[in-house]
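For reference, the structure discussed in these notes is given below.
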Amino acid sequence: MSFIGKGLNSFFKGKKHTVSNDADRSLPSHIDIIMDGNGRWAKNHNRPRTYGHSQGSAKFREITRYCDSIGLKYLTVYAFSTENWRRPQSEVAAIMKIFKEYMEEALSDFTNENIVIRFIGDRSPLAPELVDLMNRCEQATKDKTGLVCNIAVNYGGRQEIVFAAQRIAQKCLDGLISPSDITEDMISSHTYTAGQNDPDLIIRPSGEKRISNFLIWQSAYAEYYFDDILWPDYTVEALEEAISEFNKRNRRFGGI
Ligand code: FPP
């Protein structure tokens, strides 16, 4: 069954999915998006890279609203990786300013929305003002009942696994657990996405076909979807296409 052209919005309206891989698989439970291509989009439009990031931020808002409207449970977006500090300082500063503006707007203008905002990643090197806004956004939206939107800022999948290992090792040293108590579930419960369904569908637009250290623990059984659209040009229709393709995949989780 193809949803293309009909609009998933109307199809999914009112549906709330709670379990991945159940009989009703028409909407994934958890979608991740690597928002890539802002710089190339800006170059194509003869604009500075920072303008591409602003357009990317506006696109992020549009897509989160859409995901909430169709009843998606979790959306995780890759906004800034642990490797993105290697960019020119001026670009890093511009991206941080965009985060700040987004959070200020969220606190003042998105109060009628039902989206839970969460941040994943290491906040320790971020400006205290930014961390304060992150905490306030999380606090202000924690009791909402719609989409849970995880925004990955200074996030790295390997770093996340190191942090989990350190915290578990400390529990061993404290005598709370022994090494043989360590299970996959225990490691999952020490990741930033503890308590959430693992990603079902990971989308990377812009033509790049790599994971870039994104949710590498959680994505063990995720389906990947790549397309060529630069993030500021991304559309609801492109997302629908990715979800339709996801529905054609045969997920066996190691079984037959
Ligand atoms: C990747 O494109 C994009 C980034 C590293 C920054 C992403 C930031 C946003 C989309 C803004 C998000 C805003 C909020 C509020 C969450 P790129 O610069 O690597 O593009 P390129 O590969 O074409 O150079």
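To be explicit about the labels: the chains of the structure tokens are called A, B, and onward in the order shown, and within each one the residues are counted from 1, while ligands get numbers from 1 in the order they are shown.
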
Sort by chain and increasing residue number a table of all residues of chain A within 6 Å of ligand 1, each with its closest pair of atoms and their distance in Å to one decimal, counting only C-alpha atoms and all ligand atoms, and write it as JSON lines.
{"residue": "A:Met35", "atom": "CA", "partner": "ligand 1", "partner_atom_place_in_ligand_line": "10 (C)", "distance": 5.5}
{"residue": "A:Asp36", "atom": "CA", "partner": "ligand 1", "partner_atom_place_in_ligand_line": "1 (C)", "distance": 3.9}
{"residue": "A:Gly37", "atom": "CA", "partner": "ligand 1", "partner_atom_place_in_ligand_line": "23 (O)", "distance": 3.3}
{"residue": "A:Asn38", "atom": "CA", "partner": "ligand 1", "partner_atom_place_in_ligand_line": "20 (O)", "distance": 4.0}
{"residue": "A:Gly39", "atom": "CA", "partner": "ligand 1", "partner_atom_place_in_ligand_line": "23 (O)", "distance": 3.6}
{"residue": "A:Arg40", "atom": "CA", "partner": "ligand 1", "partner_atom_place_in_ligand_line": "23 (O)", "distance": 3.6}
{"residue": "A:His53", "atom": "CA", "partner": "ligand 1", "partner_atom_place_in_ligand_line": "9 (C)", "distance": 5.0}
{"residue": "A:Gly56", "atom": "CA", "partner": "ligand 1", "partner_atom_place_in_ligand_line": "10 (C)", "distance": 4.0}
{"residue": "A:Ser57", "atom": "CA", "partner": "ligand 1", "partner_atom_place_in_ligand_line": "13 (C)", "distance": 4.0}
{"residue": "A:Ala79", "atom": "CA", "partner": "ligand 1", "partner_atom_place_in_ligand_line": "7 (C)", "distance": 4.3}
{"residue": "A:Phe80", "atom": "CA", "partner": "ligand 1", "partner_atom_place_in_ligand_line": "5 (C)", "distance": 5.2}
{"residue": "A:Ile98", "atom": "CA", "partner": "ligand 1", "partner_atom_place_in_ligand_line": "15 (C)", "distance": 5.9}
{"residue": "A:Phe99", "atom": "CA", "partner": "ligand 1", "partner_atom_place_in_ligand_line": "15 (C)", "distance": 4.5}
{"residue": "A:Tyr102", "atom": "CA", "partner": "ligand 1", "partner_atom_place_in_ligand_line": "15 (C)", "distance": 4.9}

Using only C-alpha atoms, which residues sit within 10 Å of Pro199 (chain A) once same-chain residues fewer than 6 positions away are excluded, as a short mmCIF file (atom, residue, chain, number, x, y, z; two decimals) with all heavy atoms, in the first residue's frame?
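Listed below is the output, result.cif:
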data_model
loop_
_atom_site.label_atom_id
_atom_site.label_comp_id
_atom_site.auth_asym_id
_atom_site.auth_seq_id
_atom_site.Cartn_x
_atom_site.Cartn_y
_atom_site.Cartn_z
N SER A 20 7.44 -1.03 18.80
CA SER A 20 8.04 -1.29 17.51
C SER A 20 7.83 -2.75 17.15
O SER A 20 7.72 -3.61 18.02
CB SER A 20 9.54 -1.02 17.57
OG SER A 20 9.76 0.27 17.96
N PRO A 28 6.70 3.93 12.16
CA PRO A 28 7.76 3.53 13.11
C PRO A 28 7.54 4.21 14.45
O PRO A 28 6.87 5.25 14.52
CB PRO A 28 9.04 4.04 12.45
CG PRO A 28 8.68 4.50 11.09
CD PRO A 28 7.21 4.70 11.04
N SER A 29 8.11 3.64 15.46
CA SER A 29 7.99 4.25 16.78
C SER A 29 9.03 5.35 16.96
O SER A 29 8.78 6.38 17.57
CB SER A 29 8.19 3.15 17.83
OG SER A 29 8.25 3.70 19.11
N HIS A 30 10.20 5.12 16.38
CA HIS A 30 11.31 6.05 16.62
C HIS A 30 12.05 6.31 15.30
O HIS A 30 12.60 5.38 14.70
CB HIS A 30 12.26 5.42 17.66
CG HIS A 30 13.32 6.34 18.17
ND1 HIS A 30 14.04 6.09 19.32
CD2 HIS A 30 13.82 7.51 17.68
CE1 HIS A 30 14.90 7.07 19.53
NE2 HIS A 30 14.80 7.94 18.54
N ILE A 31 12.02 7.54 14.88
CA ILE A 31 12.74 7.94 13.65
C ILE A 31 13.90 8.85 14.05
O ILE A 31 13.75 9.70 14.93
CB ILE A 31 11.79 8.69 12.68
CG1 ILE A 31 10.68 7.77 12.18
CG2 ILE A 31 12.58 9.27 11.50
CD1 ILE A 31 9.68 8.43 11.24
N ASP A 32 15.04 8.64 13.41
CA ASP A 32 16.20 9.52 13.63
C ASP A 32 16.54 10.19 12.31
O ASP A 32 16.47 9.55 11.26
CB ASP A 32 17.42 8.72 14.08
CG ASP A 32 17.14 7.96 15.36
OD1 ASP A 32 16.33 8.46 16.16
OD2 ASP A 32 17.69 6.88 15.54
N TYR A 74 8.84 9.00 19.01
CA TYR A 74 10.18 9.56 19.24
C TYR A 74 10.81 10.03 17.93
O TYR A 74 10.78 9.29 16.93
CB TYR A 74 11.12 8.50 19.84
CG TYR A 74 10.68 7.96 21.17
CD1 TYR A 74 10.18 6.67 21.28
CD2 TYR A 74 10.77 8.74 22.33
CE1 TYR A 74 9.77 6.16 22.50
CE2 TYR A 74 10.36 8.23 23.55
CZ TYR A 74 9.86 6.95 23.62
OH TYR A 74 9.46 6.45 24.84
N LEU A 75 11.39 11.20 17.97
CA LEU A 75 12.21 11.71 16.86
C LEU A 75 13.54 12.14 17.47
O LEU A 75 13.56 12.89 18.45
CB LEU A 75 11.53 12.92 16.21
CG LEU A 75 12.37 13.64 15.14
CD1 LEU A 75 12.46 12.80 13.86
CD2 LEU A 75 11.76 15.01 14.81
N THR A 76 14.63 11.64 16.91
CA THR A 76 15.95 12.09 17.37
C THR A 76 16.67 12.73 16.20
O THR A 76 16.75 12.14 15.11
CB THR A 76 16.78 10.90 17.91
OG1 THR A 76 16.04 10.28 18.97
CG2 THR A 76 18.12 11.38 18.46
N THR A 193 19.33 7.74 25.75
CA THR A 193 17.95 7.45 25.34
C THR A 193 17.32 6.36 26.21
O THR A 193 16.36 5.72 25.79
CB THR A 193 17.90 7.03 23.85
OG1 THR A 193 18.80 5.91 23.68
CG2 THR A 193 18.31 8.16 22.93
N LEU A 215 24.11 7.36 17.32
CA LEU A 215 23.31 6.32 17.97
C LEU A 215 23.81 4.91 17.62
O LEU A 215 23.03 4.03 17.29
CB LEU A 215 21.83 6.48 17.57
CG LEU A 215 21.21 7.82 17.96
CD1 LEU A 215 19.86 7.98 17.30
CD2 LEU A 215 21.06 7.94 19.47
N GLN A 218 22.29 2.14 19.86
CA GLN A 218 20.85 1.97 19.73
C GLN A 218 20.42 1.48 18.35
O GLN A 218 19.31 0.97 18.17
CB GLN A 218 20.13 3.30 20.00
CG GLN A 218 20.30 3.86 21.40
CD GLN A 218 21.52 4.76 21.56
OE1 GLN A 218 22.51 4.60 20.85
NE2 GLN A 218 21.46 5.70 22.47
N SER A 219 21.28 1.67 17.33
CA SER A 219 20.83 1.42 15.95
C SER A 219 21.11 -0.01 15.48
O SER A 219 21.04 -0.28 14.28
CB SER A 219 21.50 2.41 15.00
OG SER A 219 22.90 2.18 14.99
N ALA A 220 21.38 -0.90 16.41
CA ALA A 220 21.77 -2.27 16.02
C ALA A 220 20.80 -2.90 15.01
O ALA A 220 21.23 -3.60 14.09
CB ALA A 220 21.88 -3.14 17.27
N TYR A 221 19.50 -2.63 15.18
CA TYR A 221 18.52 -3.22 14.26
C TYR A 221 17.70 -2.17 13.51
O TYR A 221 16.61 -2.46 13.01
CB TYR A 221 17.61 -4.19 15.01
CG TYR A 221 18.32 -5.50 15.28
CD1 TYR A 221 18.90 -5.75 16.52
CD2 TYR A 221 18.48 -6.44 14.27
CE1 TYR A 221 19.59 -6.93 16.76
CE2 TYR A 221 19.17 -7.61 14.50
CZ TYR A 221 19.71 -7.85 15.74
OH TYR A 221 20.41 -9.02 15.95
N ALA A 222 18.24 -0.97 13.42
CA ALA A 222 17.51 0.09 12.71
C ALA A 222 17.59 -0.14 11.20
O ALA A 222 18.54 -0.73 10.70
CB ALA A 222 18.11 1.45 13.05
N GLU A 223 16.59 0.37 10.51
CA GLU A 223 16.62 0.40 9.05
C GLU A 223 17.17 1.75 8.62
O GLU A 223 16.76 2.78 9.17
CB GLU A 223 15.20 0.22 8.49
CG GLU A 223 14.55 -1.10 8.83
CD GLU A 223 15.21 -2.27 8.10
OE1 GLU A 223 15.66 -2.08 6.96
OE2 GLU A 223 15.28 -3.37 8.70
N TYR A 224 18.06 1.74 7.65
CA TYR A 224 18.63 3.00 7.16
C TYR A 224 17.94 3.42 5.87
O TYR A 224 17.54 2.57 5.06
CB TYR A 224 20.13 2.86 6.91
CG TYR A 224 20.91 2.95 8.20
CD1 TYR A 224 21.18 1.80 8.94
CD2 TYR A 224 21.31 4.17 8.71
CE1 TYR A 224 21.85 1.87 10.15
CE2 TYR A 224 21.98 4.24 9.92
CZ TYR A 224 22.24 3.10 10.62
OH TYR A 224 22.90 3.18 11.81
#

Among region 66-158 of chain A, which ones does DSSP assign to strand (DSSP E) (computed from the backbone)? Answer as a VMD selection string.
chain A and resid 74 to 81 116 to 120 148 to 155

So which residues touch Leu126 (chain A) within 9 Å, counting only C-alpha atoms, skipping near sequence neighbours fewer than 5 positions away, as a list in words?
Met96, Val131 and Asn154 of chain A

Show me, as a PyMOL selection string, the residues that have an atom within 10 Å of Glu245 (chain A) when counting only C-alpha atoms, minus same-chain residues fewer than 2 positions from it.
chain A and resi 2+201+223+225+239-243+247-249

Just to be explicit: take each residue in the selection above, keep all heavy atoms, and write the result as an mmCIF file, in the first residue's frame.
data_model
loop_
_atom_site.group_PDB
_atom_site.id
_atom_site.type_symbol
_atom_site.label_atom_id
_atom_site.label_comp_id
_atom_site.auth_asym_id
_atom_site.auth_seq_id
_atom_site.Cartn_x
_atom_site.Cartn_y
_atom_site.Cartn_z
ATOM 1 N N SER A 2 0.625 2.102 -0.928
ATOM 2 C CA SER A 2 1.443 3.318 -0.991
ATOM 3 C C SER A 2 0.690 4.488 -0.374
ATOM 4 O O SER A 2 -0.500 4.682 -0.626
ATOM 5 C CB SER A 2 1.758 3.629 -2.451
ATOM 6 O OG SER A 2 2.342 4.898 -2.524
ATOM 7 N N LEU A 201 13.985 3.634 12.265
ATOM 8 C CA LEU A 201 14.312 4.155 10.937
ATOM 9 C C LEU A 201 15.271 5.332 11.092
ATOM 10 O O LEU A 201 14.957 6.281 11.814
ATOM 11 C CB LEU A 201 13.013 4.614 10.255
ATOM 12 C CG LEU A 201 13.129 5.372 8.943
ATOM 13 C CD1 LEU A 201 13.774 4.500 7.856
ATOM 14 C CD2 LEU A 201 11.739 5.835 8.475
ATOM 15 N N GLU A 223 16.593 0.365 10.512
ATOM 16 C CA GLU A 223 16.621 0.397 9.049
ATOM 17 C C GLU A 223 17.165 1.754 8.624
ATOM 18 O O GLU A 223 16.757 2.781 9.170
ATOM 19 C CB GLU A 223 15.199 0.221 8.489
ATOM 20 C CG GLU A 223 14.553 -1.096 8.827
ATOM 21 C CD GLU A 223 15.211 -2.270 8.098
ATOM 22 O OE1 GLU A 223 15.662 -2.080 6.956
ATOM 23 O OE2 GLU A 223 15.275 -3.367 8.696
ATOM 24 N N TYR A 225 17.810 4.726 5.706
ATOM 25 C CA TYR A 225 17.222 5.268 4.475
ATOM 26 C C TYR A 225 18.023 6.498 4.073
ATOM 27 O O TYR A 225 18.211 7.409 4.875
ATOM 28 C CB TYR A 225 15.756 5.640 4.718
ATOM 29 C CG TYR A 225 15.063 6.167 3.490
ATOM 30 C CD1 TYR A 225 14.442 5.298 2.587
ATOM 31 C CD2 TYR A 225 15.041 7.540 3.210
ATOM 32 C CE1 TYR A 225 13.815 5.778 1.448
ATOM 33 C CE2 TYR A 225 14.416 8.012 2.071
ATOM 34 C CZ TYR A 225 13.806 7.143 1.195
ATOM 35 O OH TYR A 225 13.189 7.613 0.068
ATOM 36 N N LEU A 239 9.750 12.617 3.791
ATOM 37 C CA LEU A 239 9.626 11.813 5.014
ATOM 38 C C LEU A 239 8.599 10.694 4.812
ATOM 39 O O LEU A 239 8.808 9.546 5.211
ATOM 40 C CB LEU A 239 9.235 12.714 6.186
ATOM 41 C CG LEU A 239 9.086 12.049 7.542
ATOM 42 C CD1 LEU A 239 10.381 11.368 7.989
ATOM 43 C CD2 LEU A 239 8.658 13.075 8.596
ATOM 44 N N GLU A 240 7.497 11.030 4.166
ATOM 45 C CA GLU A 240 6.482 10.020 3.851
ATOM 46 C C GLU A 240 7.085 8.905 3.006
ATOM 47 O O GLU A 240 6.806 7.721 3.222
ATOM 48 C CB GLU A 240 5.317 10.644 3.079
ATOM 49 C CG GLU A 240 4.472 11.580 3.886
ATOM 50 C CD GLU A 240 3.317 12.131 3.064
ATOM 51 O OE1 GLU A 240 3.175 11.751 1.890
ATOM 52 O OE2 GLU A 240 2.564 12.938 3.601
ATOM 53 N N GLU A 241 7.900 9.295 2.045
ATOM 54 C CA GLU A 241 8.536 8.307 1.167
ATOM 55 C C GLU A 241 9.423 7.364 1.992
ATOM 56 O O GLU A 241 9.414 6.143 1.800
ATOM 57 C CB GLU A 241 9.371 9.049 0.112
ATOM 58 C CG GLU A 241 10.166 8.166 -0.821
ATOM 59 C CD GLU A 241 9.296 7.513 -1.900
ATOM 60 O OE1 GLU A 241 8.483 8.225 -2.494
ATOM 61 O OE2 GLU A 241 9.451 6.304 -2.103
ATOM 62 N N ALA A 242 10.175 7.946 2.919
ATOM 63 C CA ALA A 242 11.061 7.134 3.764
ATOM 64 C C ALA A 242 10.241 6.161 4.617
ATOM 65 O O ALA A 242 10.610 4.993 4.782
ATOM 66 C CB ALA A 242 11.911 8.042 4.657
ATOM 67 N N ILE A 243 9.121 6.640 5.155
ATOM 68 C CA ILE A 243 8.279 5.772 5.988
ATOM 69 C C ILE A 243 7.640 4.676 5.142
ATOM 70 O O ILE A 243 7.543 3.512 5.558
ATOM 71 C CB ILE A 243 7.217 6.607 6.752
ATOM 72 C CG1 ILE A 243 7.904 7.572 7.728
ATOM 73 C CG2 ILE A 243 6.253 5.685 7.496
ATOM 74 C CD1 ILE A 243 6.962 8.568 8.401
ATOM 75 N N ASN A 247 8.150 0.605 5.504
ATOM 76 C CA ASN A 247 7.081 -0.390 5.609
ATOM 77 C C ASN A 247 7.244 -1.558 4.643
ATOM 78 O O ASN A 247 6.612 -2.593 4.816
ATOM 79 C CB ASN A 247 5.722 0.285 5.413
ATOM 80 C CG ASN A 247 5.237 0.893 6.708
ATOM 81 O OD1 ASN A 247 4.951 0.172 7.657
ATOM 82 N ND2 ASN A 247 5.190 2.197 6.774
ATOM 83 N N LYS A 248 8.085 -1.373 3.641
ATOM 84 C CA LYS A 248 8.314 -2.481 2.694
ATOM 85 C C LYS A 248 9.446 -3.380 3.163
ATOM 86 O O LYS A 248 9.665 -4.449 2.626
ATOM 87 C CB LYS A 248 8.665 -1.919 1.314
ATOM 88 C CG LYS A 248 7.517 -1.201 0.647
ATOM 89 C CD LYS A 248 7.960 -0.679 -0.719
ATOM 90 C CE LYS A 248 6.964 0.342 -1.228
ATOM 91 N NZ LYS A 248 7.591 1.444 -1.940
ATOM 92 N N ARG A 249 10.206 -2.924 4.154
ATOM 93 C CA ARG A 249 11.341 -3.720 4.625
ATOM 94 C C ARG A 249 10.840 -4.900 5.457
ATOM 95 O O ARG A 249 9.833 -4.798 6.166
ATOM 96 C CB ARG A 249 12.271 -2.859 5.490
ATOM 97 C CG ARG A 249 12.751 -1.573 4.816
ATOM 98 C CD ARG A 249 14.071 -1.735 4.148
ATOM 99 N NE ARG A 249 14.470 -0.488 3.472
ATOM 100 C CZ ARG A 249 15.311 0.409 3.992
ATOM 101 N NH1 ARG A 249 15.840 0.210 5.187
ATOM 102 N NH2 ARG A 249 15.622 1.492 3.299
#

As a ChimeraX atom specification, please: the residues near region 81-94 of chain A (cut-off 12 Å, only C-alpha atoms, same-chain neighbours under 3 positions excluded).
/A:34-36,38-39,48-54,57,77-78,97-101,120-127,130,151-160,211-215

Please report, as number ranges by chain, each residue of region 205-240 of chain A to which DSSP assigns helix (DSSP H, G or I) when run on this structure's backbone.
A: 218-221, 231-233, 236-240

d(CA of Thr235 (chain A), CA of Ile202 (chain A)) in Å:
15.9 Å

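We find CA of Ser206 (chain A) and CA of Asp227 (chain A) to be spaced 6.3 Å apart.
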
Selection: 10 Å around Arg167 (chain A), only C-alpha atoms, excl. self and same-chain fewer than 5 positions, as a ChimeraX atom specification
/A:161-162,172-173,187,190

Residues near Arg136 (chain A), cut-off 10 Å, only C-alpha atoms, skip fewer than 2 positions along chain, as a ChimeraX atom specification
/A:103-104,106-107,117,130-134,138-142

Restricting it to N, CA, C and O atoms, dump the selection as a PDB file, in the first residue's frame.
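out25.pdb was written with the following content:
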ATOM      1  N   MET A 103      15.727  27.728  21.382  1.00  0.00           N
ATOM      2  CA  MET A 103      15.260  27.430  22.751  1.00  0.00           C
ATOM      3  C   MET A 103      14.511  28.622  23.350  1.00  0.00           C
ATOM      4  O   MET A 103      13.511  28.433  24.049  1.00  0.00           O
ATOM      5  N   GLU A 104      14.992  29.823  23.056  1.00  0.00           N
ATOM      6  CA  GLU A 104      14.267  31.002  23.565  1.00  0.00           C
ATOM      7  C   GLU A 104      12.866  31.056  22.964  1.00  0.00           C
ATOM      8  O   GLU A 104      11.890  31.339  23.662  1.00  0.00           O
ATOM      9  N   ALA A 106      11.212  28.459  21.835  1.00  0.00           N
ATOM     10  CA  ALA A 106      10.447  27.336  22.395  1.00  0.00           C
ATOM     11  C   ALA A 106       9.848  27.723  23.748  1.00  0.00           C
ATOM     12  O   ALA A 106       8.689  27.420  24.040  1.00  0.00           O
ATOM     13  N   LEU A 107      10.629  28.411  24.551  1.00  0.00           N
ATOM     14  CA  LEU A 107      10.159  28.767  25.896  1.00  0.00           C
ATOM     15  C   LEU A 107       9.063  29.830  25.852  1.00  0.00           C
ATOM     16  O   LEU A 107       8.157  29.825  26.684  1.00  0.00           O
ATOM     17  N   ILE A 117      10.719  18.266  24.614  1.00  0.00           N
ATOM     18  CA  ILE A 117      12.060  18.546  24.086  1.00  0.00           C
ATOM     19  C   ILE A 117      13.092  17.966  25.046  1.00  0.00           C
ATOM     20  O   ILE A 117      13.069  18.253  26.255  1.00  0.00           O
ATOM     21  N   LEU A 130      23.725  28.360  27.537  1.00  0.00           N
ATOM     22  CA  LEU A 130      23.072  27.391  26.662  1.00  0.00           C
ATOM     23  C   LEU A 130      22.545  26.206  27.485  1.00  0.00           C
ATOM     24  O   LEU A 130      21.412  25.753  27.287  1.00  0.00           O
ATOM     25  N   VAL A 131      23.370  25.749  28.420  1.00  0.00           N
ATOM     26  CA  VAL A 131      22.975  24.609  29.258  1.00  0.00           C
ATOM     27  C   VAL A 131      21.745  24.986  30.092  1.00  0.00           C
ATOM     28  O   VAL A 131      20.809  24.193  30.244  1.00  0.00           O
ATOM     29  N   ASP A 132      21.731  26.212  30.570  1.00  0.00           N
ATOM     30  CA  ASP A 132      20.579  26.678  31.348  1.00  0.00           C
ATOM     31  C   ASP A 132      19.308  26.638  30.489  1.00  0.00           C
ATOM     32  O   ASP A 132      18.254  26.166  30.937  1.00  0.00           O
ATOM     33  N   LEU A 133      19.415  27.105  29.247  1.00  0.00           N
ATOM     34  CA  LEU A 133      18.252  27.076  28.351  1.00  0.00           C
ATOM     35  C   LEU A 133      17.815  25.635  28.065  1.00  0.00           C
ATOM     36  O   LEU A 133      16.615  25.345  28.015  1.00  0.00           O
ATOM     37  N   MET A 134      18.790  24.752  27.889  1.00  0.00           N
ATOM     38  CA  MET A 134      18.452  23.336  27.644  1.00  0.00           C
ATOM     39  C   MET A 134      17.658  22.777  28.819  1.00  0.00           C
ATOM     40  O   MET A 134      16.614  22.130  28.631  1.00  0.00           O
ATOM     41  N   GLU A 138      13.737  21.488  28.762  1.00  0.00           N
ATOM     42  CA  GLU A 138      13.361  20.127  29.179  1.00  0.00           C
ATOM     43  C   GLU A 138      12.329  20.178  30.303  1.00  0.00           C
ATOM     44  O   GLU A 138      11.345  19.446  30.301  1.00  0.00           O
ATOM     45  N   GLN A 139      12.589  21.060  31.237  1.00  0.00           N
ATOM     46  CA  GLN A 139      11.687  21.196  32.385  1.00  0.00           C
ATOM     47  C   GLN A 139      10.300  21.664  31.930  1.00  0.00           C
ATOM     48  O   GLN A 139       9.281  21.130  32.358  1.00  0.00           O
ATOM     49  N   ALA A 140      10.286  22.639  31.017  1.00  0.00           N
ATOM     50  CA  ALA A 140       9.014  23.236  30.583  1.00  0.00           C
ATOM     51  C   ALA A 140       8.172  22.273  29.758  1.00  0.00           C
ATOM     52  O   ALA A 140       6.953  22.440  29.668  1.00  0.00           O
ATOM     53  N   THR A 141       8.801  21.281  29.137  1.00  0.00           N
ATOM     54  CA  THR A 141       8.045  20.396  28.228  1.00  0.00           C
ATOM     55  C   THR A 141       7.926  18.962  28.743  1.00  0.00           C
ATOM     56  O   THR A 141       7.326  18.124  28.078  1.00  0.00           O
ATOM     57  N   LYS A 142       8.464  18.695  29.913  1.00  0.00           N
ATOM     58  CA  LYS A 142       8.575  17.289  30.348  1.00  0.00           C
ATOM     59  C   LYS A 142       7.214  16.620  30.562  1.00  0.00           C
ATOM     60  O   LYS A 142       7.119  15.396  30.444  1.00  0.00           O
TER      61      LYS A 142
END

Nearest candidate to Pro205 (chain A) (options A:Trp231, A:Phe60, A:Phe246, A:Phe163; using only C-alpha atoms)
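Smallest separation from Pro205 (chain A) among the options: A:Trp231.
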